[in-house]
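File shown: model-v2.csv (CSV, C-alpha atoms and all ligand atoms).
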chain,number,residue,atom,x,y,z
A,12,MET,CA,-9.6,18.7,22.3
A,13,LYS,CA,-10.2,15.1,20.9
A,14,THR,CA,-7.3,13.4,19.2
A,15,ALA,CA,-7.0,10.8,16.5
A,16,LEU,CA,-4.2,8.9,14.8
A,17,VAL,CA,-4.8,8.0,11.1
A,18,CYS,CA,-2.5,5.2,9.8
A,19,GLY,CA,-2.5,5.3,6.0
A,20,ALA,CA,-3.2,9.1,6.0
A,21,GLY,CA,-1.4,9.5,2.7
A,22,GLY,CA,-3.8,7.2,0.9
A,23,PHE,CA,-7.3,7.7,-0.5
A,24,ILE,CA,-9.6,6.9,2.5
A,25,GLY,CA,-7.1,8.0,5.1
A,26,SER,CA,-6.6,11.5,3.6
A,27,HIS,CA,-10.3,12.0,3.4
A,28,MET,CA,-10.7,10.8,7.0
A,29,VAL,CA,-8.1,13.4,8.2
A,30,HIS,CA,-10.1,16.1,6.4
A,31,ARG,CA,-13.3,14.9,8.1
A,32,LEU,CA,-11.8,14.7,11.6
A,33,LYS,CA,-10.3,18.2,11.2
A,34,GLU,CA,-13.8,19.5,10.3
A,35,GLU,CA,-15.0,17.9,13.5
A,36,GLY,CA,-12.3,19.8,15.5
A,37,TYR,CA,-9.9,16.9,16.2
A,38,TRP,CA,-6.2,17.2,16.6
A,39,VAL,CA,-4.9,14.7,14.1
A,40,ARG,CA,-1.7,12.8,13.5
A,41,GLY,CA,-1.2,11.1,10.2
A,42,VAL,CA,1.3,8.4,9.3
A,43,ASP,CA,2.2,6.9,5.9
A,44,LEU,CA,5.0,6.0,3.6
A,45,LYS,CA,4.1,9.0,1.6
A,46,SER,CA,2.2,12.3,1.7
A,47,PRO,CA,-1.2,12.5,0.0
A,48,GLU,CA,-0.7,12.6,-3.7
A,49,PHE,CA,-3.4,15.0,-4.8
A,50,SER,CA,-3.8,17.5,-1.9
A,51,ALA,CA,-1.7,18.8,1.0
A,52,THR,CA,-2.4,16.9,4.2
A,53,GLU,CA,-4.6,18.7,6.8
A,54,ALA,CA,-3.1,16.7,9.7
A,55,ASP,CA,-1.6,18.7,12.5
A,56,ASP,CA,1.3,16.3,12.5
A,57,PHE,CA,2.4,13.9,9.8
A,58,ILE,CA,5.0,11.1,10.2
A,59,ILE,CA,6.5,9.8,7.0
A,60,GLY,CA,7.4,6.3,8.1
A,61,ASP,CA,7.1,2.6,7.4
A,62,LEU,CA,4.5,0.9,9.7
A,63,ARG,CA,6.2,-2.5,9.1
A,64,ASP,CA,8.8,-1.2,11.5
A,65,PRO,CA,7.7,-1.7,15.1
A,66,TYR,CA,9.8,1.4,16.1
A,67,VAL,CA,7.7,3.6,13.7
A,68,CYS,CA,4.5,2.2,15.2
A,69,ARG,CA,5.6,3.0,18.7
A,70,GLN,CA,6.6,6.5,17.6
A,71,ALA,CA,3.2,7.1,15.9
A,72,ILE,CA,1.4,6.1,19.1
A,73,ALA,CA,3.7,7.8,21.5
A,74,GLN,CA,0.9,10.1,22.9
A,75,ARG,CA,-2.7,9.5,24.0
A,76,PHE,CA,-5.3,9.2,21.2
A,77,ASP,CA,-9.0,9.0,21.6
A,78,GLU,CA,-9.4,7.2,18.3
A,79,VAL,CA,-7.0,5.2,16.1
A,80,TYR,CA,-7.9,4.5,12.5
A,81,GLN,CA,-5.8,1.8,10.7
A,82,PHE,CA,-6.1,2.2,6.9
A,83,ALA,CA,-2.5,1.4,5.9
A,84,ALA,CA,-2.2,-1.6,3.6
A,85,ASP,CA,-0.3,-2.7,0.5
A,86,MET,CA,-3.3,-2.7,-1.9
A,87,GLY,CA,-4.8,-1.7,-5.2
A,88,GLY,CA,-7.6,-2.6,-7.6
A,89,ALA,CA,-8.1,-5.8,-9.6
A,90,GLY,CA,-5.0,-5.1,-11.7
A,91,PHE,CA,-3.0,-5.2,-8.5
A,92,VAL,CA,-4.7,-7.8,-6.3
A,93,PHE,CA,-6.0,-10.4,-8.8
A,94,THR,CA,-3.0,-11.0,-11.0
A,95,GLY,CA,-1.2,-13.1,-8.4
A,96,GLU,CA,2.0,-11.1,-9.1
A,97,ASN,CA,1.8,-9.1,-5.8
A,98,ASP,CA,0.5,-11.7,-3.4
A,99,ALA,CA,3.6,-12.1,-1.3
A,100,ASP,CA,4.0,-8.4,-0.8
A,101,ILE,CA,0.3,-7.9,-0.1
A,102,MET,CA,0.2,-10.5,2.6
A,103,HIS,CA,3.6,-9.9,4.2
A,104,ASN,CA,3.4,-6.1,4.3
A,105,SER,CA,-0.1,-5.7,5.5
A,106,VAL,CA,0.2,-8.4,8.1
A,107,LEU,CA,3.3,-6.8,9.5
A,108,ILE,CA,1.6,-3.4,9.7
A,109,ASN,CA,-1.4,-4.8,11.6
A,110,LEU,CA,0.8,-6.9,14.0
A,111,ASN,CA,3.0,-4.0,14.8
A,112,MET,CA,0.3,-1.4,15.2
A,113,LEU,CA,-1.8,-3.6,17.4
A,114,ASP,CA,1.1,-4.5,19.6
A,115,ALA,CA,2.1,-0.8,19.9
A,116,CYS,CA,-1.5,0.2,20.7
A,117,ARG,CA,-1.7,-2.5,23.4
A,118,LYS,CA,1.5,-1.3,25.1
A,119,ARG,CA,0.1,2.3,25.1
A,120,ASN,CA,-3.3,1.1,26.5
A,121,VAL,CA,-5.1,2.4,23.4
A,122,LYS,CA,-8.8,1.8,24.1
A,123,ARG,CA,-10.4,1.9,20.7
A,124,ILE,CA,-9.0,1.0,17.3
A,125,PHE,CA,-10.7,0.9,13.9
A,126,TYR,CA,-9.6,-1.7,11.2
A,127,SER,CA,-10.5,-1.4,7.6
A,128,SER,CA,-11.3,-4.9,6.2
A,129,SER,CA,-12.8,-5.7,2.9
A,130,ALA,CA,-15.7,-7.4,1.1
A,131,CYS,CA,-12.9,-9.5,-0.4
A,132,VAL,CA,-13.1,-11.7,2.7
A,133,TYR,CA,-16.3,-13.4,1.5
A,134,PRO,CA,-16.2,-16.9,0.0
A,135,GLU,CA,-15.8,-17.1,-3.7
A,136,GLN,CA,-18.5,-19.8,-4.1
A,137,ASN,CA,-21.1,-17.4,-2.7
A,138,GLN,CA,-20.3,-14.9,-5.4
A,139,MET,CA,-20.6,-16.9,-8.6
A,140,ALA,CA,-24.0,-15.6,-9.6
A,141,PRO,CA,-23.9,-12.0,-10.8
A,142,ASP,CA,-27.6,-11.4,-9.8
A,143,ASN,CA,-27.6,-13.1,-6.4
A,144,PRO,CA,-24.3,-12.8,-4.5
A,145,ASN,CA,-24.3,-13.6,-0.7
A,146,CYS,CA,-22.3,-11.1,1.3
A,147,GLU,CA,-24.1,-11.4,4.6
A,148,GLU,CA,-21.5,-10.9,7.4
A,149,GLY,CA,-22.2,-14.4,8.9
A,150,SER,CA,-21.5,-16.1,5.6
A,151,VAL,CA,-17.7,-15.4,5.8
A,152,TYR,CA,-17.1,-19.0,7.2
A,153,PRO,CA,-16.3,-21.6,6.0
A,154,ALA,CA,-13.7,-19.2,4.6
A,155,ASP,CA,-12.6,-19.2,0.9
A,156,PRO,CA,-11.7,-15.7,-0.3
A,157,ASP,CA,-10.8,-15.5,-3.9
A,158,SER,CA,-7.5,-13.6,-3.4
A,159,ASP,CA,-4.6,-13.5,-0.9
A,160,TYR,CA,-5.6,-9.9,-0.3
A,161,GLY,CA,-8.9,-11.3,1.1
A,162,TRP,CA,-7.2,-14.0,3.1
A,163,GLU,CA,-4.9,-11.3,4.7
A,164,LYS,CA,-7.9,-9.2,5.6
A,165,LEU,CA,-9.7,-12.1,7.2
A,166,PHE,CA,-6.6,-13.1,9.2
A,167,SER,CA,-6.1,-9.5,10.4
A,168,GLU,CA,-9.8,-9.3,11.4
A,169,ARG,CA,-9.2,-12.3,13.6
A,170,LEU,CA,-6.0,-10.8,14.9
A,171,TYR,CA,-7.9,-7.6,16.0
A,172,LEU,CA,-10.7,-9.6,17.5
A,173,ALA,CA,-8.2,-11.8,19.4
A,174,PHE,CA,-6.6,-8.6,20.9
A,175,GLN,CA,-10.0,-7.5,21.9
A,176,ARG,CA,-10.8,-10.8,23.6
A,177,ASN,CA,-7.4,-11.3,25.3
A,178,TYR,CA,-6.2,-7.7,26.0
A,179,GLY,CA,-9.4,-5.8,26.6
A,180,MET,CA,-8.9,-3.5,23.6
A,181,GLU,CA,-12.0,-2.2,21.9
A,182,VAL,CA,-11.8,-2.9,18.1
A,183,ARG,CA,-14.2,-1.8,15.4
A,184,ILE,CA,-14.1,-3.6,12.0
A,185,ALA,CA,-15.7,-2.6,8.7
A,186,ARG,CA,-15.8,-4.6,5.6
A,187,TYR,CA,-15.6,-1.9,2.9
A,188,HIS,CA,-17.2,-2.5,-0.6
A,189,ASN,CA,-15.4,-0.6,-3.4
A,190,ILE,CA,-15.0,2.9,-2.0
A,191,PHE,CA,-14.5,5.6,-4.7
A,192,GLY,CA,-14.4,9.4,-5.1
A,193,PRO,CA,-12.1,12.3,-5.9
A,194,LEU,CA,-8.5,12.3,-4.7
A,195,GLY,CA,-8.1,8.5,-5.3
A,196,THR,CA,-5.6,6.7,-7.4
A,197,TRP,CA,-6.8,7.0,-11.1
A,198,ASP,CA,-3.9,5.5,-13.1
A,199,GLY,CA,-0.6,3.6,-12.7
A,200,GLY,CA,-2.0,0.1,-12.0
A,201,ARG,CA,-3.4,0.3,-8.5
A,202,GLU,CA,-6.6,2.2,-9.5
A,203,LYS,CA,-10.0,0.6,-9.0
A,204,ALA,CA,-12.9,0.1,-11.5
A,205,PRO,CA,-14.7,3.5,-11.1
A,206,ALA,CA,-11.5,5.5,-11.4
A,207,ALA,CA,-10.2,3.4,-14.3
A,208,ILE,CA,-13.4,3.7,-16.2
A,209,CYS,CA,-13.7,7.5,-15.6
A,210,ARG,CA,-10.1,7.8,-16.8
A,211,LYS,CA,-10.8,5.8,-20.0
A,212,VAL,CA,-13.9,7.8,-20.7
A,213,ALA,CA,-12.2,11.1,-20.1
A,214,MET,CA,-9.3,10.1,-22.4
A,215,ALA,CA,-11.5,8.9,-25.3
A,216,GLU,CA,-12.5,11.0,-28.2
A,217,ASP,CA,-16.2,11.4,-28.7
A,218,GLY,CA,-17.3,8.5,-31.0
A,219,GLY,CA,-14.3,6.4,-29.9
A,220,LYS,CA,-14.0,3.2,-27.8
A,221,ILE,CA,-13.1,2.2,-24.3
A,222,GLU,CA,-11.8,-1.1,-23.1
A,223,ILE,CA,-13.6,-3.1,-20.4
A,224,TRP,CA,-12.1,-6.1,-18.7
A,225,GLY,CA,-14.2,-9.3,-19.3
A,226,ASP,CA,-17.7,-9.2,-20.6
A,227,GLY,CA,-18.7,-6.4,-18.3
A,228,LYS,CA,-21.6,-8.4,-16.9
A,229,GLN,CA,-19.9,-9.0,-13.6
A,230,THR,CA,-21.7,-7.0,-10.8
A,231,ARG,CA,-20.5,-4.8,-8.0
A,232,SER,CA,-21.6,-2.0,-5.8
A,233,PHE,CA,-19.7,1.2,-5.2
A,234,LEU,CA,-19.8,3.5,-2.2
A,235,TYR,CA,-19.0,7.2,-2.4
A,236,ILE,CA,-16.2,8.3,0.0
A,237,ASP,CA,-18.4,10.7,2.1
A,238,GLU,CA,-20.8,7.8,3.0
A,239,CYS,CA,-17.9,5.5,3.8
A,240,LEU,CA,-16.5,8.1,6.3
A,241,GLU,CA,-20.0,8.6,7.8
A,242,GLY,CA,-20.5,4.9,8.3
A,243,THR,CA,-17.0,4.4,9.7
A,244,LEU,CA,-17.4,7.2,12.3
A,245,ARG,CA,-20.8,5.9,13.4
A,246,LEU,CA,-19.3,2.5,13.9
A,247,VAL,CA,-16.3,3.7,15.8
A,248,ARG,CA,-18.4,5.8,18.1
A,249,SER,CA,-21.0,3.0,18.7
A,250,ASP,CA,-20.8,0.2,21.3
A,251,TRP,CA,-20.7,-2.4,18.6
A,252,THR,CA,-17.6,-4.2,17.3
A,253,GLY,CA,-18.6,-5.4,13.9
A,254,PRO,CA,-17.3,-6.8,11.5
A,255,VAL,CA,-19.9,-5.1,9.4
A,256,ASN,CA,-20.3,-4.3,5.7
A,257,ILE,CA,-19.9,-0.6,4.8
A,258,GLY,CA,-21.0,-0.5,1.2
A,259,SER,CA,-23.8,0.5,-1.1
A,260,ASP,CA,-26.5,-2.0,-2.0
A,261,GLU,CA,-27.1,-0.4,-5.5
A,262,MET,CA,-25.7,-3.3,-7.5
A,263,VAL,CA,-24.7,-2.6,-11.1
A,264,THR,CA,-22.8,-4.4,-13.9
A,265,ILE,CA,-19.5,-3.0,-14.9
A,266,ASN,CA,-21.1,-2.2,-18.3
A,267,GLN,CA,-23.7,-0.1,-16.4
A,268,LEU,CA,-21.0,1.6,-14.5
A,269,ALA,CA,-19.3,2.5,-17.8
A,270,ASP,CA,-22.6,3.7,-19.2
A,271,MET,CA,-23.0,6.1,-16.2
A,272,ALA,CA,-19.5,7.6,-16.7
A,273,MET,CA,-20.3,8.0,-20.4
A,274,SER,CA,-23.6,9.7,-19.8
A,275,VAL,CA,-21.9,12.1,-17.3
A,276,SER,CA,-19.2,12.9,-19.9
A,277,GLY,CA,-21.8,13.5,-22.7
A,278,LYS,CA,-19.6,11.4,-25.0
A,279,ASN,CA,-20.9,8.7,-27.3
A,280,LEU,CA,-18.5,5.7,-26.9
A,281,THR,CA,-18.6,2.0,-27.6
A,282,LYS,CA,-17.2,-0.7,-25.3
A,283,ARG,CA,-14.5,-3.1,-26.4
A,284,HIS,CA,-14.4,-6.2,-24.1
A,285,ILE,CA,-10.9,-7.5,-23.5
A,286,GLU,CA,-9.3,-10.1,-21.2
A,287,GLY,CA,-8.2,-8.9,-17.8
A,288,PRO,CA,-8.2,-9.8,-14.1
A,289,LEU,CA,-11.8,-9.9,-12.9
A,290,GLY,CA,-12.4,-11.2,-9.3
A,291,VAL,CA,-15.7,-12.7,-8.4
A,292,ARG,CA,-18.7,-12.7,-10.8
A,293,GLY,CA,-21.0,-10.8,-8.5
A,294,ARG,CA,-20.8,-8.8,-5.3
A,295,ASN,CA,-23.1,-6.5,-3.4
A,296,SER,CA,-23.2,-5.1,0.1
A,297,ASP,CA,-25.8,-6.7,2.4
A,298,ASN,CA,-26.9,-3.8,4.6
A,299,ARG,CA,-29.3,-5.5,7.0
A,300,LEU,CA,-26.8,-5.7,9.8
A,301,ILE,CA,-25.5,-2.2,9.7
A,302,GLU,CA,-29.1,-0.9,9.6
A,303,LYS,CA,-30.1,-3.0,12.5
A,304,LYS,CA,-27.0,-2.1,14.7
A,305,LEU,CA,-26.4,1.5,13.7
A,306,GLY,CA,-29.8,2.6,12.5
A,307,TRP,CA,-28.1,3.9,9.4
A,308,LYS,CA,-27.1,2.7,5.9
A,309,PRO,CA,-25.8,4.5,2.9
A,310,ASP,CA,-28.5,5.7,0.5
A,311,GLN,CA,-26.8,8.1,-2.0
A,312,PRO,CA,-27.4,7.1,-5.7
A,313,LEU,CA,-24.3,5.9,-7.4
A,314,ILE,CA,-24.7,8.4,-10.3
A,315,LYS,CA,-24.2,11.3,-7.8
A,316,GLY,CA,-20.8,10.0,-6.8
A,317,ILE,CA,-19.8,9.2,-10.4
A,318,GLU,CA,-20.6,12.8,-11.4
A,319,LYS,CA,-18.2,14.2,-8.8
A,320,THR,CA,-15.5,11.6,-9.5
A,321,TYR,CA,-15.7,11.9,-13.2
A,322,GLN,CA,-15.3,15.7,-13.0
A,323,TRP,CA,-12.2,15.3,-10.8
A,324,ILE,CA,-10.6,12.7,-13.0
A,325,GLU,CA,-11.3,14.6,-16.1
A,326,ALA,CA,-9.5,17.6,-14.6
A,327,GLN,CA,-6.5,15.3,-13.7
A,328,VAL,CA,-6.4,13.9,-17.3
A,329,ARG,CA,-6.5,17.4,-18.7
A,330,LYS,CA,-3.6,18.5,-16.4
A,331,SER,CA,-1.5,15.4,-17.3
A,332,VAL,CA,-1.8,16.0,-21.1
A,333,SER,CA,-1.3,19.8,-21.0
B,1,LIG,P1,-4.7,3.5,-0.4
B,1,LIG,O1,-3.7,2.5,-1.1
B,1,LIG,O2,-5.0,4.7,-1.1
B,1,LIG,O3,-4.1,3.8,1.0
B,1,LIG,C1,-3.3,2.9,1.8
B,1,LIG,C2,-2.1,3.7,2.3
B,1,LIG,O4,-1.3,2.8,3.1
B,1,LIG,C3,-1.2,4.3,1.2
B,1,LIG,O5,-1.1,5.7,1.3
B,1,LIG,C4,0.1,3.6,1.4
B,1,LIG,O6,1.2,4.4,1.2
B,1,LIG,C5,0.0,3.3,2.9
B,1,LIG,N1,0.9,2.2,3.3
B,1,LIG,C6,1.2,1.0,2.6
B,1,LIG,N2,2.2,0.4,3.2
B,1,LIG,C7,2.6,1.1,4.3
B,1,LIG,C8,3.6,1.0,5.3
B,1,LIG,N3,4.4,-0.1,5.3
B,1,LIG,N4,3.7,2.0,6.2
B,1,LIG,C9,3.0,3.1,6.2
B,1,LIG,N5,2.0,3.3,5.3
B,1,LIG,C10,1.8,2.3,4.3
B,1,LIG,O7,-6.0,2.6,-0.1
B,1,LIG,P2,-7.4,3.1,0.3
B,1,LIG,O8,-8.3,2.9,-0.8
B,1,LIG,O9,-7.3,4.4,1.0
B,1,LIG,O10,-7.8,1.9,1.4
B,1,LIG,C11,-7.6,2.1,2.8
B,1,LIG,C12,-7.9,0.8,3.5
B,1,LIG,O11,-9.2,0.4,3.3
B,1,LIG,C13,-6.9,-0.3,3.1
B,1,LIG,O12,-6.6,-1.1,4.3
B,1,LIG,C14,-7.8,-1.1,2.2
B,1,LIG,O13,-7.4,-2.5,2.1
B,1,LIG,C15,-9.2,-0.9,2.8
B,1,LIG,N6,-10.2,-1.1,1.7
B,1,LIG,C16,-10.3,-0.2,0.8
B,1,LIG,C17,-11.3,-0.4,-0.2
B,1,LIG,C18,-11.5,0.6,-1.3
B,1,LIG,O14,-12.4,0.4,-2.2
B,1,LIG,N7,-10.8,1.7,-1.4
B,1,LIG,C19,-12.2,-1.5,-0.2
B,1,LIG,C20,-12.0,-2.4,0.9
B,1,LIG,C21,-11.0,-2.2,1.8

Could the structure of this file be written out as structure tokens, please?
Ligand code: NAD
Amino acid sequence: MKTALVCGAGGFIGSHMVHRLKEEGYWVRGVDLKSPEFSATEADDFIIGDLRDPYVCRQAIAQRFDEVYQFAADMGGAGFVFTGENDADIMHNSVLINLNMLDACRKRNVKRIFYSSSACVYPEQNQMAPDNPNCEEGSVYPADPDSDYGWEKLFSERLYLAFQRNYGMEVRIARYHNIFGPLGTWDGGREKAPAAICRKVAMAEDGGKIEIWGDGKQTRSFLYIDECLEGTLRLVRSDWTGPVNIGSDEMVTINQLADMAMSVSGKNLTKRHIEGPLGVRGRNSDNRLIEKKLGWKPDQPLIKGIEKTYQWIEAQVRKSVS
């Protein structure tokens, strides 16, 4: 039986990955500060522990694993990473997790480890134009991410690549672009744009208003969780290291994203634009490299994922008010 360790298994992507690996017949150990919030874990073994602690990392990796997935990070959406208020924690906590996990894996001779980086590594000046952002993998240097979250991701990418170069570990790195779907954080301050917008639409009365941060003309692309997992597994099981974008190339404005959620809800709502933390003006996944190296790229239309996500968030909102 194949085995996998999923770090961050109590979080959004990690808990979905545990589910997917179980479907594939793996024996899975999860580790996280907390259990998954919205579903029971499907992991065979789940360690509640702090991966900033080297002892917990050694405990997590104390047996042989065919695949190690590192999703644990101190992170959230724009309201968490772009205000500047959480920068010290974001950098300190996530760097410690990556340092300690890598060191523990090296000592256990772990062959292959996956690291979840982010589109936030790309230079701010290449993402000023909403219609024409440049997120080609090779454009990451000279580096100038727009947040300390992005700088930490870039540092950690380099850390993983250095361990590959010097210690013969095989690392696989993906730069995720706005992953969304059911079972993700949808309120409380760490939620991302698709979940926040679905929540606002679900909570609004028909004919009412929802608030959008900025003018809503900033662009992004959003990748549904199932396609994120598919791309990640294809990368991990390929002979190619990355770093590579795993994201959708269906770029929309935030206003268009809100329109989609409204059309799914059947409600007629108007948008009220307010000040808020925004991030770069434009961002889209450049999928040429993944297509070339893996012969695969995501192709599911955004609206399909929004339909499933809206339904799940609407049910959460109903539960929370009843
Ligand atoms: P998430 O916040 O839902 O999951 C991260 C998990 O890490 C949480 O459950 C958290 O409790 C855990 N964690 C944090 N500190 C820990 C610690 N010290 N010890 C143990 N566990 C700890 O986030 P997610 O959306 O599932 O993202 C997973 C990974 O993918 C993260 O590294 C994130 O930076 C990266 N990523 C995500 C997106 C996205 O859109 N979701 C985009 C780019 C990159």

Checklist outcome for this item: atom CA of Ile124 of chain A to atom CA of Leu44 of chain A measures 20.2 Å

Next on the checklist: Can you measure atom CA of Val132 of chain A to atom CA of Trp162 of chain A for me? One decimal in Å is fine.
Outcome noted: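 Atom CA of Trp162 of chain A lies at a distance of 6.3 Å from atom CA of Val132 of chain A.
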
Item to check | At most 7 Å from ligand LIG 1 (chain B) (all atoms listed in the file): residue list as a ChimeraX atom specification | outcome: /A:18-25,42-45,47,60-63,82-87,104-105,108,127-130,186-191,195-196

Checklist entry - Quick one, how far is atom CA of Lys122 of chain A from atom CA of Val182 of chain A? => result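 Separation of atom CA of Lys122 of chain A and atom CA of Val182 of chain A: 8.2 Å.
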
Next on the checklist: At a cut-off of 7 Å around the point (-13.6, -1.1, 12.2) (file coordinates), what residues fall inside when counting only C-alpha atoms? I'd like the answer as a ChimeraX atom specification.
Outcome noted: /A:125-127,182-185,243,246-247,253-254

Next on the checklist: I need the residue nearest Gly88 of chain A from this list: A:Lys203, A:Arg69, A:Lys211, A:Arg40. Use all atoms listed in the file for the distance.
Outcome noted: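 So, comparing all the options, the nearest one is A:Lys203.
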
Residues of segment 120-239 of chain A at most 12 Å from segment 267-270 of chain A: nearest atom pair and distance in Å, all atoms listed in the file, as JSON lines:
{"residue": "A:Ala204", "atom": "CA", "partner": "A:Leu268", "partner_atom": "CA", "distance": 8.8}
{"residue": "A:Pro205", "atom": "CA", "partner": "A:Leu268", "partner_atom": "CA", "distance": 7.4}
{"residue": "A:Ala206", "atom": "CA", "partner": "A:Ala269", "partner_atom": "CA", "distance": 10.5}
{"residue": "A:Ala207", "atom": "CA", "partner": "A:Ala269", "partner_atom": "CA", "distance": 9.8}
{"residue": "A:Ile208", "atom": "CA", "partner": "A:Ala269", "partner_atom": "CA", "distance": 6.2}
{"residue": "A:Cys209", "atom": "CA", "partner": "A:Ala269", "partner_atom": "CA", "distance": 7.8}
{"residue": "A:Arg210", "atom": "CA", "partner": "A:Ala269", "partner_atom": "CA", "distance": 10.7}
{"residue": "A:Lys211", "atom": "CA", "partner": "A:Ala269", "partner_atom": "CA", "distance": 9.4}
{"residue": "A:Val212", "atom": "CA", "partner": "A:Ala269", "partner_atom": "CA", "distance": 8.1}
{"residue": "A:Ala213", "atom": "CA", "partner": "A:Ala269", "partner_atom": "CA", "distance": 11.4}
{"residue": "A:Lys220", "atom": "CA", "partner": "A:Ala269", "partner_atom": "CA", "distance": 11.3}
{"residue": "A:Ile221", "atom": "CA", "partner": "A:Ala269", "partner_atom": "CA", "distance": 9.0}
{"residue": "A:Glu222", "atom": "CA", "partner": "A:Ala269", "partner_atom": "CA", "distance": 9.9}
{"residue": "A:Ile223", "atom": "CA", "partner": "A:Ala269", "partner_atom": "CA", "distance": 8.4}
{"residue": "A:Trp224", "atom": "CA", "partner": "A:Ala269", "partner_atom": "CA", "distance": 11.3}
{"residue": "A:Asp226", "atom": "CA", "partner": "A:Gln267", "partner_atom": "CA", "distance": 11.7}
{"residue": "A:Gly227", "atom": "CA", "partner": "A:Gln267", "partner_atom": "CA", "distance": 8.3}
{"residue": "A:Lys228", "atom": "CA", "partner": "A:Gln267", "partner_atom": "CA", "distance": 8.6}
{"residue": "A:Gln229", "atom": "CA", "partner": "A:Gln267", "partner_atom": "CA", "distance": 10.1}
{"residue": "A:Thr230", "atom": "CA", "partner": "A:Gln267", "partner_atom": "CA", "distance": 9.1}
{"residue": "A:Arg231", "atom": "CA", "partner": "A:Leu268", "partner_atom": "CA", "distance": 9.1}
{"residue": "A:Ser232", "atom": "CA", "partner": "A:Leu268", "partner_atom": "CA", "distance": 9.4}
{"residue": "A:Phe233", "atom": "CA", "partner": "A:Leu268", "partner_atom": "CA", "distance": 9.4}

Item to check | Residues within 10 Å of Cys146 of chain A, all atoms listed in the file, excluding chain neighbours under 5 positions, as a ChimeraX atom specification | outcome: /A:130-134,137-138,151,256,293-298

Next on the checklist: Please determine, counting all atoms listed in the file, which residue among A:Val79, A:Ile314, A:Ala51, A:Met102 has the shortest atom-to-atom distance to Ser167 of chain A.
Outcome noted: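 Checking each of A:Val79, A:Ile314, A:Ala51, A:Met102 against Ser167 of chain A, counting all atoms listed in the file, the winner is A:Met102.
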
Item to check | Residue among A:Val263, A:Met28, A:Val328, A:Ala215 lying closest to Glu238 of chain A, counting only C-alpha atoms | outcome: A:Met28

Checklist outcome for this item: Using all atoms listed in the file, the best pick from A:Phe91, A:Tyr178, A:Phe57, A:Tyr66 as closest to Ser158 of chain A would be A:Phe91

Checklist entry - Hey, which of A:Leu172, A:Ala140, A:Leu244, A:Ile265 ends up closest to Arg292 of chain A? Count all atoms listed in the file. => result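 Residue with the minimum atom-to-atom distance to Arg292 of chain A: A:Ala140.
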
Item to check | Residues within 12 Å of (-16.8, -20.4, 6.6), counting all atoms listed in the file, listed as a count of residues only | outcome: 17

Checklist entry - Of the candidates A:Gln70, A:Thr14, A:Pro288, A:Asn177, which shows the shortest atom-to-atom distance to Thr94 of chain A, using all atoms listed in the file? => result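 The shortest atom-to-atom distance to Thr94 of chain A comes from A:Pro288.
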